>>> print(open('my_file_3.txt').read())   # compact mmCIF, C-alpha atoms and all ligand atoms
# COMPACT_ATOMS: atom_id res chain seq x y z
CA MET A 1015 -12.44 30.79 5.03
CA THR A 1016 -9.08 30.05 6.63
CA ALA A 1017 -7.20 26.94 5.56
CA ARG A 1018 -8.04 25.27 8.88
CA LEU A 1019 -11.77 25.88 8.45
CA VAL A 1020 -11.59 24.57 4.88
CA VAL A 1021 -10.02 21.34 6.19
CA GLU A 1022 -12.59 21.01 9.01
CA GLU A 1023 -15.45 21.50 6.56
CA ALA A 1024 -13.98 18.93 4.17
CA ILE A 1025 -13.64 16.43 7.03
CA ARG A 1026 -17.30 16.90 7.99
CA THR A 1027 -18.36 16.43 4.37
CA ALA A 1028 -16.13 13.36 4.02
CA ALA A 1029 -17.67 11.76 7.12
CA ALA A 1030 -21.17 12.40 5.75
CA VAL A 1031 -20.27 10.81 2.38
CA ILE A 1032 -18.66 7.80 4.11
CA ALA A 1033 -21.71 7.37 6.36
CA ARG A 1034 -24.07 7.02 3.38
CA SER A 1035 -21.79 4.82 1.23
CA ARG A 1036 -22.29 1.07 0.91
CA HIS A 1037 -18.84 -0.10 -0.17
CA VAL A 1038 -15.82 2.05 0.60
CA ALA A 1039 -12.35 1.19 -0.72
CA ALA A 1040 -9.13 3.05 0.03
CA LEU A 1041 -6.02 3.45 -2.12
CA VAL A 1042 -3.05 4.24 0.10
CA GLY A 1043 0.38 5.49 -0.97
CA ALA A 1044 3.78 6.35 0.45
CA GLY A 1045 2.49 9.52 2.14
CA LEU A 1046 0.90 7.47 4.93
CA SER A 1047 4.10 5.48 5.53
CA ALA A 1048 6.12 8.70 5.49
CA GLU A 1049 4.11 9.83 8.51
CA SER A 1050 5.48 6.72 10.27
CA GLY A 1051 9.02 7.84 9.50
CA ILE A 1052 9.53 5.66 6.44
CA PRO A 1053 11.50 7.54 3.79
CA THR A 1054 9.77 7.85 0.43
CA PHE A 1055 11.49 6.68 -2.76
CA ARG A 1056 10.95 9.74 -4.90
CA GLY A 1057 10.91 13.45 -4.06
CA GLU A 1058 13.41 15.75 -2.41
CA ASP A 1059 14.39 13.49 0.50
CA GLY A 1060 13.61 10.28 -1.36
CA VAL A 1061 15.90 7.27 -0.98
CA TRP A 1062 16.29 7.01 -4.75
CA THR A 1063 16.92 10.74 -5.13
CA LYS A 1064 19.73 10.58 -2.60
CA PHE A 1065 21.25 7.19 -3.32
CA GLY A 1066 20.19 6.45 -6.90
CA GLU A 1067 17.52 4.08 -8.12
CA PRO A 1068 17.96 0.36 -7.48
CA THR A 1069 19.24 -1.83 -10.27
CA PHE A 1070 16.69 -2.81 -12.85
CA ASP A 1071 18.01 -6.32 -13.41
CA GLY A 1072 16.70 -8.02 -10.24
CA TRP A 1073 13.67 -9.55 -11.93
CA GLU A 1074 15.74 -10.74 -14.86
CA LEU A 1075 18.32 -12.24 -12.50
CA PHE A 1076 15.62 -14.07 -10.54
CA ASN A 1077 14.18 -15.59 -13.69
CA HIS A 1078 17.58 -16.50 -15.02
CA ASP A 1079 19.16 -17.76 -11.78
CA PRO A 1080 16.95 -17.79 -8.66
CA LYS A 1081 19.80 -19.23 -6.58
CA ALA A 1082 22.10 -16.28 -7.40
CA TRP A 1083 19.22 -13.87 -6.70
CA TRP A 1084 18.64 -15.37 -3.24
CA GLU A 1085 22.35 -15.28 -2.44
CA ALA A 1086 22.56 -11.60 -3.42
CA SER A 1087 19.38 -10.84 -1.50
CA LEU A 1088 20.64 -12.55 1.69
CA GLU A 1089 23.94 -10.70 1.38
CA ASN A 1090 22.05 -7.38 1.10
CA ALA A 1091 19.97 -8.28 4.14
CA ALA A 1092 23.17 -8.96 6.10
CA GLN A 1093 24.42 -5.44 5.27
CA TYR A 1094 21.14 -4.11 6.67
CA SER A 1095 20.73 -0.75 4.96
CA ASP A 1096 19.44 2.43 6.63
CA PHE A 1097 16.29 2.00 4.57
CA ALA A 1098 15.70 -1.53 5.87
CA ARG A 1099 16.38 -0.33 9.40
CA SER A 1100 13.84 2.49 9.13
CA LEU A 1101 11.24 0.06 7.77
CA ASP A 1102 11.73 -2.37 10.64
CA ALA A 1103 11.62 0.39 13.26
CA ALA A 1104 8.45 2.03 11.89
CA MET A 1105 5.18 1.81 13.81
CA PRO A 1106 1.63 2.27 12.48
CA ASN A 1107 0.45 5.88 12.93
CA ALA A 1108 -2.94 7.36 13.79
CA GLY A 1109 -3.96 7.16 10.11
CA HIS A 1110 -3.35 3.39 9.96
CA TYR A 1111 -5.29 2.87 13.19
CA ALA A 1112 -8.18 5.03 11.97
CA LEU A 1113 -8.47 2.94 8.78
CA ALA A 1114 -8.49 -0.27 10.87
CA GLU A 1115 -11.20 1.21 13.11
CA MET A 1116 -13.29 2.25 10.10
CA GLU A 1117 -13.10 -1.33 8.84
CA GLN A 1118 -14.13 -2.74 12.23
CA HIS A 1119 -17.18 -0.44 12.26
CA GLY A 1120 -18.20 -1.35 8.71
CA HIS A 1121 -17.22 2.01 7.16
CA LEU A 1122 -14.37 0.61 5.05
CA ALA A 1123 -14.45 -2.60 3.05
CA HIS A 1124 -10.93 -2.82 1.63
CA VAL A 1125 -7.49 -1.22 1.68
CA ILE A 1126 -5.36 -1.26 -1.46
CA THR A 1127 -1.86 -0.21 -0.45
CA GLN A 1128 1.24 0.61 -2.45
CA ASN A 1129 3.32 0.23 0.72
CA ILE A 1130 5.33 -2.89 1.51
CA ASP A 1131 5.86 -2.17 5.21
CA ASP A 1132 3.12 -4.33 6.80
CA LEU A 1133 1.80 -1.36 8.85
CA HIS A 1134 -1.88 -1.80 7.88
CA ARG A 1135 -1.83 -5.38 9.12
CA ARG A 1136 -0.07 -4.37 12.29
CA ALA A 1137 -2.67 -1.65 12.90
CA GLY A 1138 -5.45 -4.25 12.63
CA SER A 1139 -6.76 -3.90 9.07
CA ARG A 1140 -7.97 -7.26 7.73
CA HIS A 1141 -8.96 -6.79 4.09
CA ILE A 1142 -5.77 -5.58 2.45
CA THR A 1143 -4.32 -5.88 -1.04
CA GLU A 1144 -0.61 -5.05 -1.19
CA ILE A 1145 -0.04 -4.32 -4.86
CA HIS A 1146 3.73 -4.00 -4.47
CA GLY A 1147 3.93 -6.92 -2.07
CA ASN A 1148 5.01 -7.12 1.56
CA ARG A 1149 8.65 -7.23 2.57
CA TYR A 1150 8.01 -9.73 5.37
CA LEU A 1151 6.40 -12.31 3.06
CA VAL A 1152 7.59 -14.68 0.37
CA ARG A 1153 5.47 -15.55 -2.67
CA CYS A 1154 5.48 -18.70 -4.82
CA MET A 1155 6.20 -17.82 -8.44
CA THR A 1156 4.10 -20.80 -9.60
CA CYS A 1157 0.94 -20.90 -7.47
CA GLY A 1158 1.08 -17.40 -5.93
CA GLY A 1159 0.85 -18.74 -2.35
CA ARG A 1160 2.36 -16.53 0.38
CA ASP A 1161 4.15 -17.27 3.65
CA ARG A 1162 5.97 -15.28 6.32
CA LEU A 1163 9.66 -15.03 5.35
CA SER A 1164 10.58 -15.71 8.98
CA THR A 1165 8.84 -19.12 8.94
CA ILE A 1166 10.47 -20.67 5.87
CA SER A 1167 13.71 -22.64 5.87
CA LEU A 1168 16.61 -21.09 4.00
CA ALA A 1169 18.68 -24.26 4.36
CA ARG A 1170 18.10 -24.80 0.67
CA ILE A 1171 18.54 -21.88 -1.76
CA PRO A 1172 16.31 -21.10 -3.58
CA PRO A 1173 13.59 -22.14 -1.10
CA LEU A 1174 10.66 -24.04 -2.61
CA CYS A 1175 6.90 -23.74 -2.09
CA HIS A 1176 5.59 -26.47 0.22
CA GLU A 1177 2.32 -26.55 -1.74
CA CYS A 1178 3.56 -26.94 -5.30
CA GLY A 1179 7.37 -27.03 -5.28
CA GLY A 1180 7.65 -23.74 -7.21
CA TYR A 1181 10.38 -21.18 -6.49
CA LEU A 1182 9.74 -18.75 -3.67
CA LYS A 1183 10.75 -15.11 -3.96
CA ASN A 1184 10.41 -12.16 -1.62
CA ASP A 1185 6.85 -10.86 -2.07
CA THR A 1186 8.07 -7.29 -2.77
CA VAL A 1187 7.45 -6.52 -6.44
CA MET A 1188 10.70 -5.71 -8.23
CA PHE A 1189 11.30 -3.43 -11.20
CA GLY A 1190 10.05 -5.16 -14.32
CA GLU A 1191 8.07 -7.73 -12.33
CA PRO A 1192 4.35 -7.78 -13.05
CA ILE A 1193 1.96 -6.96 -10.21
CA PRO A 1194 0.78 -10.34 -8.81
CA GLU A 1195 -2.33 -11.46 -10.66
CA ASP A 1196 -4.46 -12.06 -7.56
CA ALA A 1197 -3.68 -8.57 -6.26
CA LEU A 1198 -4.51 -6.93 -9.57
CA ARG A 1199 -7.76 -8.87 -9.88
CA GLU A 1200 -8.84 -7.74 -6.39
CA CYS A 1201 -8.04 -4.09 -7.20
CA TYR A 1202 -10.17 -4.15 -10.35
CA ARG A 1203 -12.95 -5.84 -8.41
CA GLN A 1204 -12.85 -3.09 -5.77
CA ALA A 1205 -12.86 -0.39 -8.46
CA ALA A 1206 -15.97 -2.01 -9.97
CA ILE A 1207 -18.00 -2.43 -6.77
CA ALA A 1208 -16.97 0.58 -4.64
CA ASP A 1209 -19.37 3.51 -4.41
CA LEU A 1210 -16.69 5.53 -2.63
CA PHE A 1211 -12.93 5.55 -3.10
CA LEU A 1212 -10.60 7.17 -0.59
CA VAL A 1213 -7.26 8.19 -2.09
CA ILE A 1214 -4.76 8.70 0.71
CA GLY A 1215 -1.17 9.93 0.60
CA THR A 1216 -0.51 9.03 -3.00
CA SER A 1217 0.40 11.29 -5.89
CA ALA A 1218 -1.63 8.89 -8.08
CA VAL A 1219 0.90 8.85 -10.90
CA VAL A 1220 2.17 5.26 -10.66
CA TYR A 1221 0.19 2.84 -12.80
CA PRO A 1222 -1.78 0.68 -12.47
CA ALA A 1223 -2.63 2.05 -8.99
CA ALA A 1224 -3.60 5.46 -10.40
CA ASP A 1225 -6.19 3.75 -12.58
CA PHE A 1226 -8.33 2.27 -9.81
CA PRO A 1227 -9.88 5.51 -8.49
CA ILE A 1228 -10.45 6.71 -12.07
CA MET A 1229 -12.18 3.43 -12.93
CA ALA A 1230 -14.27 3.64 -9.76
CA LYS A 1231 -15.29 7.20 -10.61
CA ARG A 1232 -16.32 6.06 -14.09
CA HIS A 1233 -18.53 3.42 -12.42
CA GLY A 1234 -20.22 6.17 -10.42
CA ALA A 1235 -18.17 6.11 -7.21
CA ALA A 1236 -17.39 9.30 -5.30
CA LEU A 1237 -13.73 10.18 -4.64
CA ILE A 1238 -12.28 11.64 -1.46
CA GLU A 1239 -8.67 12.75 -1.64
CA ILE A 1240 -6.52 13.12 1.48
CA ASN A 1241 -3.14 14.50 0.52
CA LEU A 1242 -0.86 17.40 1.42
CA ASP A 1243 -0.53 18.52 -2.22
CA ASP A 1244 -2.55 18.62 -5.41
CA THR A 1245 -2.45 15.40 -7.42
CA ALA A 1246 -3.58 14.20 -10.83
CA LEU A 1247 -6.89 13.22 -9.18
CA THR A 1248 -7.62 16.52 -7.41
CA ASP A 1249 -9.73 17.86 -10.27
CA ILE A 1250 -12.06 14.87 -10.29
CA ALA A 1251 -12.23 14.41 -6.49
CA ASP A 1252 -15.58 15.15 -4.84
CA VAL A 1253 -13.97 16.06 -1.53
CA VAL A 1254 -10.36 17.20 -1.10
CA ILE A 1255 -8.75 17.23 2.35
CA ARG A 1256 -5.41 19.05 2.37
CA ALA A 1257 -4.01 17.54 5.56
CA LYS A 1258 -1.85 14.72 6.87
CA ALA A 1259 -3.68 11.40 6.86
CA GLY A 1260 -2.69 10.93 10.50
CA ASP A 1261 -4.73 14.04 11.35
CA ALA A 1262 -7.58 13.76 8.84
CA LEU A 1263 -8.52 10.09 9.25
CA PRO A 1264 -8.89 10.14 13.08
CA ALA A 1265 -10.93 13.35 12.70
CA ILE A 1266 -13.23 11.55 10.24
CA VAL A 1267 -13.60 8.62 12.66
CA GLU A 1268 -14.51 11.09 15.41
CA GLN A 1269 -17.18 12.63 13.15
CA LEU A 1270 -18.59 9.16 12.45
CA HIS A 1271 -18.68 8.40 16.20
CA GLY A 1272 -20.40 11.75 16.75
CA ARG A 1273 -23.15 10.54 14.40
CA GLY A 1274 -23.47 7.41 16.52
CA LEU A 1275 -21.92 5.26 13.78
ZN ZN B 1 3.42 -22.82 -4.95
>>> encode(input="my_file_3.txt", output="structure tokens", more="lines below")
Ligand SMILES: [Zn+2]
Amino acid sequence: MTARLVVEEAIRTAAAVIARSRHVAALVGAGLSAESGIPTFRGEDGVWTKFGEPTFDGWELFNHDPKAWWEASLENAAQYSDFARSLDAAMPNAGHYALAEMEQHGHLAHVITQNIDDLHRRAGSRHITEIHGNRYLVRCMTCGGRDRLSTISLARIPPLCHECGGYLKNDTVMFGEPIPEDALRECYRQAAIADLFLVIGTSAVVYPAADFPIMAKRHGAALIEINLDDTALTDIADVVIRAKAGDALPAIVEQLHGRGL
């Protein structure tokens, strides 16, 4: 079979598996954001490859001196890097919209994303866990409550949580910072209850994210991988779609519609 026919066949199989699953969860990585023009961190054209990895002391600085951290962070924001500019200019792509549509039609229960760019929300997804946070939110370091960054007052630095008075920090998870507890708990819950896991645009090497599909598989879930290249999960995936998510996911939605679902 030609590569195109292999992809078409895999999409048909994927739609059939999705149609008979009860609880579908998706793990989404940087590949989906890259299709919206957001540069990846690692890899040939990665931001870190080109400009070096960010400093590892941000989390330590925040714990030691949250005021100094906020001052440095606001100064960075004022410089407005190319990376920040590309994040703000990015729009959801056909893959994001297809996931939102699958959720609206009851074919997808939850999206776990490694991306911080807010594109799932903007595309209309509702049940989302952002394991690395969201760059447009702040999070309370005491109670875990979240707010839009644009709605909080920065008259006082560091800003404080209006619920509990704890320090607020940008929701984006920094190097050395633990994944927020509520997010982690939700991911493990999804891995336990899903009977199908979609793994989309992620090389599945960053832990703990890489663990969730493996855990789900151990609990009897099927795995569908949508990625341009082989990953650590390819060998255990039940269906492998070697295509861009922005092509594959709308094609799956079309198949589901064709079945009257
Ligand atoms: Zn709080």
>>> residues_around(input="my_file_3.txt", residues="Arg1036 (chain A)", least_positions_apart="3", cutoff="10 Å", atoms="all atoms listed in the file", output="ChimeraX atom specification")
/A:1032-1033,1120-1123,1207-1210
>>> closest_atom_pairs(input="my_file_3.txt", of="chain A", to="ligand ZN 1 (chain B)", cutoff="9 Å", atoms="all atoms listed in the file", output="CSV")
residue,atom,partner,partner_atom,distance
A:Arg1153,CA,B:ZN1,ZN,7.9
A:Cys1154,CA,B:ZN1,ZN,4.6
A:Met1155,CA,B:ZN1,ZN,6.7
A:Thr1156,CA,B:ZN1,ZN,5.1
A:Cys1157,CA,B:ZN1,ZN,4.0
A:Gly1158,CA,B:ZN1,ZN,6.0
A:Gly1159,CA,B:ZN1,ZN,5.5
A:Arg1160,CA,B:ZN1,ZN,8.3
A:Leu1174,CA,B:ZN1,ZN,7.7
A:Cys1175,CA,B:ZN1,ZN,4.6
A:His1176,CA,B:ZN1,ZN,6.7
A:Glu1177,CA,B:ZN1,ZN,5.0
A:Cys1178,CA,B:ZN1,ZN,4.1
A:Gly1179,CA,B:ZN1,ZN,5.8
A:Gly1180,CA,B:ZN1,ZN,4.9
A:Tyr1181,CA,B:ZN1,ZN,7.3
A:Leu1182,CA,B:ZN1,ZN,7.6
>>> residues_around(input="my_file_3.txt", residues="Ile1130 (chain A)", least_positions_apart="4", cutoff="6 Å", atoms="all atoms listed in the file", output="MDAnalysis selection string")
chainID A and resid 1147:1149
>>> closest_residue(input="my_file_3.txt", among="A:Leu1113, A:Ile1166, A:Ala1086, A:Ala1039", to="Ala1259 (chain A)", atoms="only C-alpha atoms")
A:Leu1113
>>> atom_distance(input="my_file_3.txt", atom1="CA of Ala1114 (chain A)", atom2="CA of Ala1137 (chain A)")
6.3 Å
>>> atom_distance(input="my_file_3.txt", atom1="CA of Glu1115 (chain A)", atom2="CA of Asp1225 (chain A)")
26.3 Å
>>> closest_residue(input="my_file_3.txt", among="A:Gly1138, A:Pro1222, A:Pro1172, A:Gly1051", to="Asp1079 (chain A)", atoms="all atoms listed in the file")
A:Pro1172
>>> residues_around(input="my_file_3.txt", residues="Thr1216 (chain A)", least_positions_apart="5", cutoff="10 Å", atoms="all atoms listed in the file", output="VMD selection string")
chain A and resid 1041 to 1046 1127 to 1128 1223 to 1224 1239 to 1243 1245 to 1247
>>> closest_residue(input="my_file_3.txt", among="A:Gly1190, A:Gly1272, A:Val1267, A:Pro1173", to="Trp1083 (chain A)", atoms="all atoms listed in the file")
A:Pro1173
>>> atom_distance(input="my_file_3.txt", atom1="CA of Glu1049 (chain A)", atom2="CA of Gly1260 (chain A)")
7.2 Å
